Structure formats: structure tokens, C-alpha cells
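Structure below is run-v5.tsv: TSV, C-alpha atoms.
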```tsv
chain	number	residue	atom	x	y	z
O	1	MET	CA	18.63	-23.64	17.40
O	2	ASP	CA	15.89	-21.08	16.90
O	3	MET	CA	17.15	-17.56	17.25
O	4	ILE	CA	14.31	-15.10	17.72
O	5	GLN	CA	14.29	-11.32	17.69
O	6	THR	CA	11.21	-9.13	17.92
O	7	PHE	CA	10.58	-5.44	17.25
O	8	GLY	CA	7.67	-3.15	17.95
O	9	ASP	CA	4.22	-4.44	18.89
O	10	PHE	CA	4.63	-8.10	18.17
O	11	ILE	CA	2.36	-10.39	20.17
O	12	GLU	CA	2.41	-14.15	20.08
O	13	PRO	CA	-0.83	-15.28	18.51
O	14	THR	CA	-3.54	-16.43	20.88
O	15	PRO	CA	-6.29	-18.81	19.80
O	16	SER	CA	-8.93	-16.95	17.89
O	17	GLN	CA	-12.38	-18.07	16.85
O	18	GLU	CA	-12.24	-16.57	13.41
O	19	TYR	CA	-9.25	-16.56	11.12
O	20	LEU	CA	-8.19	-17.13	7.56
O	21	ILE	CA	-4.81	-18.20	6.24
O	22	ILE	CA	-3.73	-18.09	2.62
O	23	GLY	CA	-0.44	-19.73	1.69
O	24	PHE	CA	1.80	-19.37	-1.33
O	25	SER	CA	4.61	-21.50	-2.60
O	26	PRO	CA	6.85	-18.78	-3.98
O	27	SER	CA	8.91	-20.85	-6.35
O	28	SER	CA	5.92	-22.34	-8.18
O	29	ILE	CA	5.59	-19.60	-10.78
O	30	PRO	CA	7.54	-16.39	-11.48
O	31	LEU	CA	6.85	-13.30	-9.39
O	32	LYS	CA	5.53	-11.32	-12.35
O	33	GLN	CA	2.80	-13.85	-13.03
O	34	ARG	CA	1.98	-14.13	-9.35
O	35	TRP	CA	1.65	-10.39	-8.79
O	36	ARG	CA	-2.08	-10.30	-9.52
O	37	ASN	CA	-2.68	-12.80	-6.73
O	38	ASN	CA	-1.70	-10.20	-4.13
O	39	GLY	CA	-4.66	-8.01	-4.99
O	40	LEU	CA	-7.01	-10.94	-5.46
O	41	SER	CA	-6.08	-12.39	-2.06
O	42	ALA	CA	-6.33	-9.00	-0.35
O	43	ASP	CA	-9.76	-8.37	-1.85
O	44	PHE	CA	-10.90	-11.84	-0.87
O	45	LEU	CA	-9.82	-11.30	2.76
O	46	ALA	CA	-11.61	-7.95	2.76
O	47	ASP	CA	-14.80	-9.35	1.23
O	48	TYR	CA	-14.84	-12.30	3.57
O	49	LEU	CA	-14.51	-10.09	6.60
O	50	THR	CA	-17.49	-7.87	5.78
O	51	THR	CA	-19.77	-10.69	6.99
O	52	PHE	CA	-18.66	-9.86	10.51
O	53	PHE	CA	-19.38	-6.16	10.12
O	54	PRO	CA	-22.88	-6.25	8.67
O	55	GLY	CA	-24.22	-3.16	6.99
O	56	ASN	CA	-27.78	-2.11	7.72
O	57	GLU	CA	-29.47	-0.19	4.90
O	58	ASP	CA	-31.45	1.83	7.45
O	59	ASP	CA	-28.33	3.00	9.24
O	60	PRO	CA	-25.83	4.66	6.88
O	61	SER	CA	-23.10	4.68	9.53
O	62	THR	CA	-22.95	0.86	9.43
O	63	ILE	CA	-22.58	0.94	5.64
O	64	ASP	CA	-19.76	3.49	5.92
O	65	ARG	CA	-18.03	1.46	8.60
O	66	GLN	CA	-18.25	-1.68	6.53
O	67	ALA	CA	-16.80	0.12	3.49
O	68	GLU	CA	-14.01	1.59	5.60
O	69	ILE	CA	-13.02	-1.75	7.11
O	70	LYS	CA	-13.16	-3.45	3.73
O	71	SER	CA	-10.97	-0.81	2.13
O	72	ALA	CA	-8.46	-0.87	5.01
O	73	VAL	CA	-8.16	-4.67	4.94
O	74	SER	CA	-7.75	-4.66	1.19
O	75	TYR	CA	-5.02	-2.00	1.35
O	76	ILE	CA	-3.07	-3.45	4.26
O	77	ALA	CA	-3.25	-7.08	3.12
O	78	ASN	CA	-2.17	-6.12	-0.39
O	79	GLU	CA	0.80	-4.08	0.85
O	80	LEU	CA	1.92	-6.84	3.20
O	81	LEU	CA	1.71	-9.41	0.43
O	82	GLU	CA	3.54	-7.18	-2.05
O	83	ASN	CA	6.35	-6.74	0.48
O	84	ALA	CA	6.47	-10.45	1.25
O	85	MET	CA	6.72	-11.30	-2.45
O	86	LYS	CA	9.39	-8.66	-3.07
O	87	PHE	CA	11.63	-9.46	-0.12
O	88	ASN	CA	11.10	-13.19	0.03
O	89	ASP	CA	14.35	-15.17	-0.21
O	90	GLU	CA	13.92	-16.88	-3.56
O	91	THR	CA	16.65	-19.39	-2.79
O	92	SER	CA	14.67	-20.89	0.07
O	93	GLU	CA	11.67	-23.15	-0.30
O	94	TYR	CA	9.98	-21.53	2.66
O	95	PRO	CA	6.34	-20.65	1.93
O	96	ILE	CA	4.73	-17.22	2.27
O	97	ASP	CA	1.52	-16.99	4.21
O	98	ILE	CA	-0.91	-14.34	5.35
O	99	LYS	CA	-3.19	-14.77	8.31
O	100	LEU	CA	-6.07	-12.51	9.24
O	101	GLN	CA	-7.52	-12.89	12.72
O	102	LEU	CA	-10.71	-11.34	13.94
O	103	LYS	CA	-10.65	-10.18	17.57
O	104	SER	CA	-13.35	-8.50	19.61
O	105	ASP	CA	-11.64	-5.11	19.35
O	106	GLY	CA	-9.80	-5.35	16.07
O	107	LEU	CA	-7.99	-7.26	13.40
O	108	ILE	CA	-4.56	-8.81	13.36
O	109	PHE	CA	-2.72	-9.40	10.11
O	110	SER	CA	0.40	-11.51	10.12
O	111	VAL	CA	2.46	-12.25	7.07
O	112	ALA	CA	5.44	-14.61	7.15
O	113	ASN	CA	8.13	-14.95	4.54
O	114	SER	CA	11.77	-15.88	4.35
O	115	ILE	CA	14.33	-13.12	3.96
O	116	SER	CA	17.86	-13.25	2.63
O	117	PRO	CA	20.28	-13.36	5.62
O	118	LEU	CA	22.21	-10.59	3.84
O	119	ALA	CA	19.15	-8.31	3.88
O	120	VAL	CA	18.32	-8.69	7.56
O	121	ASP	CA	20.55	-5.88	8.92
O	122	GLN	CA	19.23	-3.32	6.49
O	123	PHE	CA	15.60	-4.25	7.16
O	124	GLN	CA	16.08	-4.16	10.93
O	125	GLY	CA	17.71	-0.73	10.57
O	126	TYR	CA	14.65	0.47	8.66
O	127	ILE	CA	12.34	-0.97	11.33
O	128	ARG	CA	14.26	0.86	14.09
O	129	GLN	CA	13.94	4.07	12.10
O	130	LEU	CA	10.18	3.50	11.67
O	131	LEU	CA	9.67	2.83	15.36
O	132	ALA	CA	11.69	5.85	16.45
O	133	SER	CA	10.00	8.32	14.15
O	134	GLU	CA	6.76	10.21	13.88
O	135	PRO	CA	5.20	8.22	10.99
O	136	SER	CA	3.42	11.09	9.24
O	137	GLU	CA	6.64	13.17	9.22
O	138	LEU	CA	8.76	10.29	7.97
O	139	TYR	CA	6.12	9.62	5.31
O	140	ILE	CA	6.48	13.10	3.80
O	141	GLU	CA	10.29	12.91	4.10
O	142	GLN	CA	10.26	9.59	2.26
O	143	LEU	CA	8.09	10.99	-0.57
O	144	GLU	CA	10.41	13.96	-1.01
O	145	LYS	CA	13.42	11.65	-0.98
O	146	ASN	CA	11.86	9.32	-3.56
O	147	ALA	CA	10.98	12.27	-5.81
O	148	ALA	CA	14.58	13.48	-5.71
O	149	ASP	CA	16.00	10.04	-6.48
O	150	GLU	CA	15.36	8.95	-10.05
O	151	SER	CA	16.85	5.51	-9.52
O	152	SER	CA	14.80	4.47	-6.50
O	153	THR	CA	13.13	1.13	-7.16
O	154	GLY	CA	11.23	0.60	-3.93
O	155	SER	CA	9.05	3.38	-2.55
O	156	GLY	CA	9.49	2.36	1.11
O	157	LEU	CA	5.96	3.64	1.65
O	158	GLY	CA	3.88	0.54	2.32
O	159	LEU	CA	4.60	0.19	6.04
O	160	LEU	CA	4.64	3.95	6.50
O	161	THR	CA	1.13	4.39	5.06
O	162	MET	CA	-0.18	1.73	7.45
O	163	LEU	CA	1.31	3.55	10.43
O	164	SER	CA	0.49	7.03	9.25
O	165	ASP	CA	-2.83	6.82	7.38
O	166	TYR	CA	-4.34	3.75	9.06
O	167	THR	CA	-2.84	4.31	12.55
O	168	ALA	CA	-2.01	0.62	12.75
O	169	LYS	CA	0.30	-0.91	15.35
O	170	MET	CA	3.16	-2.89	13.86
O	171	GLY	CA	5.58	-5.52	15.02
O	172	TRP	CA	8.10	-7.94	13.55
O	173	LYS	CA	9.58	-11.28	14.49
O	174	PHE	CA	12.78	-12.57	12.93
O	175	GLN	CA	13.53	-16.22	13.38
O	176	THR	CA	16.34	-18.44	12.21
O	177	VAL	CA	14.44	-21.57	11.27
O	178	GLN	CA	17.25	-23.52	9.65
O	179	GLN	CA	21.05	-23.60	9.67
O	180	ASP	CA	23.25	-24.63	6.78
O	181	PRO	CA	21.93	-23.29	4.60
O	182	GLU	CA	20.64	-20.56	6.84
O	183	VAL	CA	16.95	-19.73	6.49
O	184	ILE	CA	15.61	-16.68	8.31
O	185	THR	CA	11.92	-15.84	8.40
O	186	VAL	CA	10.28	-12.56	9.21
O	187	THR	CA	6.70	-12.27	10.42
O	188	THR	CA	5.19	-8.82	10.06
O	189	MET	CA	2.23	-8.15	12.31
O	190	VAL	CA	-0.26	-5.35	11.86
O	191	GLN	CA	-2.91	-4.64	14.46
O	192	LEU	CA	-5.83	-2.54	13.41
O	193	ARG	CA	-8.53	-1.34	15.78
O	194	VAL	CA	-11.99	-1.43	14.28
Y	1	MET	CA	-3.99	9.95	-24.51
Y	2	GLU	CA	-5.37	6.84	-22.90
Y	3	ILE	CA	-4.21	3.69	-21.12
Y	4	LYS	CA	-6.64	0.87	-20.71
Y	5	THR	CA	-6.22	-2.59	-19.18
Y	6	GLU	CA	-8.48	-5.17	-17.59
Y	7	ASP	CA	-7.91	-3.67	-14.12
Y	8	TYR	CA	-7.68	0.07	-14.69
Y	9	GLY	CA	-8.09	2.88	-17.17
Y	10	ILE	CA	-6.50	6.32	-17.40
Y	11	CYS	CA	-7.62	8.95	-19.85
Y	12	TYR	CA	-6.80	12.58	-20.52
Y	13	ASP	CA	-9.33	15.19	-21.54
Y	14	PRO	CA	-7.39	18.11	-23.10
Y	15	ALA	CA	-10.42	20.43	-23.00
Y	16	THR	CA	-10.41	20.45	-19.18
Y	17	ALA	CA	-6.80	19.28	-18.66
Y	18	THR	CA	-8.18	16.46	-16.56
Y	19	VAL	CA	-6.58	13.06	-16.13
Y	20	SER	CA	-9.15	10.52	-14.93
Y	21	PHE	CA	-8.23	7.28	-13.22
Y	22	VAL	CA	-10.68	4.36	-13.04
Y	23	GLY	CA	-10.45	0.93	-11.44
Y	24	SER	CA	-7.71	-0.65	-9.39
Y	25	LEU	CA	-4.03	0.30	-9.74
Y	26	ARG	CA	-1.70	-2.12	-8.01
Y	27	LEU	CA	1.34	-2.39	-10.24
Y	28	SER	CA	4.57	-3.77	-8.85
Y	29	GLY	CA	6.92	-0.79	-9.11
Y	30	PRO	CA	8.40	2.14	-11.07
Y	31	GLU	CA	9.00	0.08	-14.20
Y	32	GLU	CA	5.34	-0.90	-14.44
Y	33	TYR	CA	4.19	2.61	-13.61
Y	34	ALA	CA	6.43	4.17	-16.29
Y	35	PRO	CA	3.71	4.45	-19.02
Y	36	ILE	CA	1.48	6.35	-16.60
Y	37	VAL	CA	4.35	8.64	-15.56
Y	38	GLN	CA	4.93	9.30	-19.24
Y	39	LEU	CA	1.28	10.18	-19.84
Y	40	LEU	CA	1.32	12.59	-16.89
Y	41	GLY	CA	4.60	14.06	-18.16
Y	42	GLU	CA	3.05	14.75	-21.56
Y	43	VAL	CA	0.15	16.53	-19.90
Y	44	ALA	CA	2.55	18.70	-17.88
Y	45	ASP	CA	4.69	19.47	-20.96
Y	46	VAL	CA	1.74	21.31	-22.49
Y	47	GLU	CA	1.89	23.59	-19.42
Y	48	PRO	CA	-1.84	24.08	-18.95
Y	49	ALA	CA	-2.84	26.69	-16.36
Y	50	LYS	CA	-4.49	23.99	-14.30
Y	51	ILE	CA	-4.22	20.20	-14.13
Y	52	THR	CA	-6.94	18.10	-12.52
Y	53	LEU	CA	-6.45	14.53	-11.38
Y	54	ASN	CA	-9.84	12.89	-11.12
Y	55	LEU	CA	-9.53	9.88	-8.79
Y	56	ARG	CA	-13.24	9.56	-8.01
Y	57	GLN	CA	-13.49	6.15	-9.61
Y	58	LEU	CA	-10.09	4.87	-8.53
Y	59	GLU	CA	-11.17	2.11	-6.17
Y	60	PHE	CA	-7.68	1.10	-5.18
Y	61	LEU	CA	-4.14	2.47	-5.35
Y	62	ASN	CA	-1.15	0.71	-3.82
Y	63	SER	CA	1.76	2.48	-2.16
Y	64	SER	CA	3.84	2.35	-5.36
Y	65	GLY	CA	0.99	4.20	-7.06
Y	66	ILE	CA	0.75	6.72	-4.22
Y	67	ASN	CA	4.48	7.25	-4.69
Y	68	MET	CA	4.04	7.81	-8.42
Y	69	LEU	CA	1.30	10.42	-8.00
Y	70	SER	CA	3.20	12.11	-5.15
Y	71	LYS	CA	6.25	12.40	-7.38
Y	72	PHE	CA	4.14	14.05	-10.07
Y	73	ILE	CA	2.68	16.50	-7.56
Y	74	ILE	CA	6.17	17.39	-6.28
Y	75	GLU	CA	7.22	18.08	-9.88
Y	76	MET	CA	4.17	20.29	-10.43
Y	77	ARG	CA	4.98	22.18	-7.23
Y	78	LYS	CA	8.17	23.33	-8.94
Y	79	LYS	CA	6.22	24.75	-11.87
Y	80	ALA	CA	4.85	27.99	-10.48
Y	81	GLY	CA	2.38	28.48	-13.34
Y	82	ILE	CA	0.40	25.27	-12.92
Y	83	LYS	CA	-2.48	24.93	-10.47
Y	84	MET	CA	-3.28	21.42	-9.27
Y	85	THR	CA	-6.63	19.98	-8.30
Y	86	VAL	CA	-7.22	16.44	-7.05
Y	87	GLN	CA	-10.79	15.14	-7.04
Y	88	GLY	CA	-11.62	12.32	-4.67
Y	89	SER	CA	-14.62	10.39	-3.52
Y	90	GLN	CA	-15.96	10.36	0.01
Y	91	SER	CA	-17.26	6.83	-0.54
Y	92	ILE	CA	-13.85	5.34	-1.33
Y	93	ALA	CA	-12.27	4.88	2.07
Y	94	TRP	CA	-8.56	4.90	1.12
Y	95	GLN	CA	-9.00	8.32	-0.44
Y	96	GLY	CA	-10.30	9.80	2.81
Y	97	LYS	CA	-7.22	8.44	4.56
Y	98	SER	CA	-4.47	9.13	2.05
Y	99	LEU	CA	-5.34	11.99	-0.32
Y	100	LYS	CA	-4.71	14.65	2.31
Y	101	ASN	CA	-1.01	13.84	2.02
Y	102	PHE	CA	-0.95	15.36	-1.48
Y	103	GLN	CA	-1.88	18.66	0.10
Y	104	ARG	CA	0.92	18.31	2.62
Y	105	LEU	CA	3.32	17.98	-0.31
Y	106	MET	CA	1.80	20.93	-2.16
Y	107	PRO	CA	-0.18	23.25	0.14
Y	108	ALA	CA	-1.66	25.16	-2.83
Y	109	LEU	CA	-3.17	21.95	-4.19
Y	110	GLN	CA	-6.93	21.95	-4.17
Y	111	LEU	CA	-8.59	18.82	-2.83
Y	112	GLU	CA	-12.22	18.29	-3.80
Y	113	PHE	CA	-14.23	15.51	-2.21
Y	114	LEU	CA	-17.60	14.50	-3.57
```
As C-alpha cells, what does this structure read like?
Amino acid sequence: MDMIQTFGDFIEPTPSQEYLIIGFSPSSIPLKQRWRNNGLSADFLADYLTTFFPGNEDDPSTIDRQAEIKSAVSYIANELLENAMKFNDETSEYPIDIKLQLKSDGLIFSVANSISPLAVDQFQGYIRQLLASEPSELYIEQLEKNAADESSTGSGLGLLTMLSDYTAKMGWKFQTVQQDPEVITVTTMVQLRV
Amino acid sequence: MEIKTEDYGICYDPATATVSFVGSLRLSGPEEYAPIVQLLGEVADVEPAKITLNLRQLEFLNSSGINMLSKFIIEMRKKAGIKMTVQGSQSIAWQGKSLKNFQRLMPALQLEFL
């Protein structure tokens, strides 16, 4: 039985002409050694995409636009991968993947990973808070809170920066893909207009 | 004071009280950022009249890094005697999007884009 729950702007993927998927098998090597791959993969996705937003030396605005898209893809993809690696359920064999789709009016990132069934409630609570808030206000609140809390280990800023600084649309899908032992996956979707 | 790795470099120039960041900073969390926090702390301990963070060659900073710098700026806000300047680059897109938040944390902070 597949139990599915969605939040925010989650759309079921439609066929797209251009897309890239990179997959990771999380248990293959320890997280610490894998960390560098987040940035490498994000930069690769960003570099790859610039082909579709050609820069023309005679028109500086095209060069700026290309640089802006490249930087945004690199930031967003890296944050999504960092989150997926951090919150992935290490006890499951479920792979992590990131997909970048090129649409006529924008880009869609989707990152899928497993999540510990015990962590689902807390994450969904955070998502509800994100969706109900004004992102730029919550962003500042979160920074002040982090600064006051010496023991905080996660900044809780990655998704907030995407909403606040990149004005992205976000959505999530939680799915129970296996029972006994229970495996729950979460797909985080980020839509960016370009 | 200097930190140098394959991906990034951070150095402090005492003459101008400027901390310059170069490269790509995408460390995994507070533990990994601790040496940088310590370097910034040592700069602040000297209590210079003005501290400048030069980010003009910082191509990339992840949200954990944004958190680290924000924390430092909030600490400096509490020290009435220290003026803060952050230097950014117009040609590095993330800076145009995210550096303004430092000013929201500390309205007296001076933001200089080149």
C-alpha cells in the first residue's frame, strides 16, 4: 500500500524534453567522504544548464542572466543535496537522486531520499510552518534563533533561503514505499522561474 | 591568521582589519565551520574600530556558511564600538540575492558592492 501525502506546490512530473538525473547510493561510502560530491554535482548541473541559456558577448544582459541562472542552480541543487544527505534514513537502502528538468518557463528540481519514520512528524511540522509564514521574516527569525542557541547543529536555513532569496516555489511528497520494515521517501520539489 | 584548503582560503589583514574569503565554502555544519568562527572571534577580540569582511572572491557559500557569518554579525551588533563593512561583488549572483540580509540583521552594517 502506497500512502502519499503532499504539501505546498508539488506537481506530478510531466514528460520533459530536457532533464538530468544524478543518483547516489548512500551506504556506499561514509557521509563525510561523500560531502564534496554535493557541490560537484550541483556545479555540474549548473554548468550543464548554461548551454540552454547562451550568453552573447555583444549583449551583457545575456551574460548576466546566464551567470545568475548558473549561480541559482548551483546554490539550490547543493542545498537540496546537502539536506538529502543529512536527513536520509541510513538504515534503508533507498537511493538518493536529484533531477533537474528544463521547462519553457523555468526549472524544476526534485530530490528524493528516504527519511526515518520517526522524523516525519517533525519535518512535516516544519513544512507547515514554512508554508504558513512570510519567508523573509521567518528567515531573519531563524538567524536570530540560531545565534542565540549555541548548541544548534542544523541551521534550518537552506529551504528558507530558496523561498526568500530565490523566490522559488516549493512542494513535498511523502510516500510510504515499503512496509515491514517501513520505508518512507520524501521528494522535495523546487520550481524556479527563469 | 590564515586558513587555506583546496576549495577556499580565508586570511586576515590586521592593518585594515579585513577578513578576506576566497573560493567556495560548502562545509557540512557548525563543527566544520568552527575554525573559521574561531578566526573571526580572534579578530573581534582585538576590538578594532571597524571590521571588514571581503567576500568579493567568495564564489559560493552554502546556507551553513550564511548562518555562520550571520551569527558573527549578530555578535558584532552587540559590540557598540565596532563598525562592520561587508564587501560583495556584483558579478557573483548569490551575493546580490543574499548579502542584503546581513543589513537586515544589523542596519548599521555597510554593504559595498563592486
If we count all atoms listed in the file and set the cut-off at 10 Å, which residues sit around Val120 in chain O, ignoring sequence neighbours fewer than 4 positions away in its own chain? Please answer as an mmCIF file with C-alpha atoms, in the frame of the given file.
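Output file result-v7.cif is given in full below:
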```
data_model
loop_
_atom_site.group_PDB
_atom_site.id
_atom_site.type_symbol
_atom_site.label_atom_id
_atom_site.label_comp_id
_atom_site.auth_asym_id
_atom_site.auth_seq_id
_atom_site.Cartn_x
_atom_site.Cartn_y
_atom_site.Cartn_z
ATOM 1 C CA ILE O 115 14.330 -13.120 3.960
ATOM 2 C CA SER O 116 17.860 -13.250 2.630
ATOM 3 C CA GLN O 124 16.080 -4.160 10.930
ATOM 4 C CA GLY O 125 17.710 -0.730 10.570
ATOM 5 C CA TYR O 126 14.650 0.470 8.660
ATOM 6 C CA PHE O 174 12.780 -12.570 12.930
ATOM 7 C CA ILE O 184 15.610 -16.680 8.310
ATOM 8 C CA THR O 185 11.920 -15.840 8.400
ATOM 9 C CA VAL O 186 10.280 -12.560 9.210
#
```
Residues of chain O were defined as contacting chain Y if any atom lay at most 8 Å from it, counting only C-alpha atoms; please report them as a PyMOL selection string. chain O and resi 35+39+64+67-68+71-72+75+78-79+82+140+143-144+146-147+153-155+157-158+161+165-166
Compile the contact shell of range 15-30 of chain O as a ChimeraX atom specification: residues with an atom at most 6 Å away, counting only C-alpha atoms, same-chain residues fewer than 2 positions apart removed. /O:32-33,95-102
Take the residues just selected and output them with C-alpha atoms as a PDB file, in the frame of the given file.
```
ATOM      1  CA  LYS O  32       5.530 -11.320 -12.350  1.00  0.00           C
ATOM      2  CA  GLN O  33       2.800 -13.850 -13.030  1.00  0.00           C
ATOM      3  CA  PRO O  95       6.340 -20.650   1.930  1.00  0.00           C
ATOM      4  CA  ILE O  96       4.730 -17.220   2.270  1.00  0.00           C
ATOM      5  CA  ASP O  97       1.520 -16.990   4.210  1.00  0.00           C
ATOM      6  CA  ILE O  98      -0.910 -14.340   5.350  1.00  0.00           C
ATOM      7  CA  LYS O  99      -3.190 -14.770   8.310  1.00  0.00           C
ATOM      8  CA  LEU O 100      -6.070 -12.510   9.240  1.00  0.00           C
ATOM      9  CA  GLN O 101      -7.520 -12.890  12.720  1.00  0.00           C
ATOM     10  CA  LEU O 102     -10.710 -11.340  13.940  1.00  0.00           C
TER      11      LEU O 102
END
```
Mind giving me the straight-line distance from CA of Tyr8 in chain Y to CA of Pro107 in chain Y in Å, one decimal?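 Separation between CA of Tyr8 in chain Y and CA of Pro107 in chain Y: 28.5 Å.
Taking only C-alpha atoms into account, those protein, DNA and RNA residues with any atom at most 12 Å away from (2.9, 29.2, -11.8) amount to Glu47, Pro48, Ala49, Lys50, Ile51, Met76, Arg77, Lys78, Lys79, Ala80, Gly81, Ile82, Lys83, Met84 and Ala108 of chain Y.
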Do you know which residues lie at most 12 Å from (-10.9, 6.5, -11.8), with coordinates as in the file and all atoms listed in the file counted, and could you write them as a VMD selection string? chain Y and resid 3 to 4 7 to 12 18 to 25 53 to 61 86 to 89 92 95
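The two atoms in question, CA of Val190 in chain O and CA of Ala168 in chain O, are spaced 6.3 Å apart.
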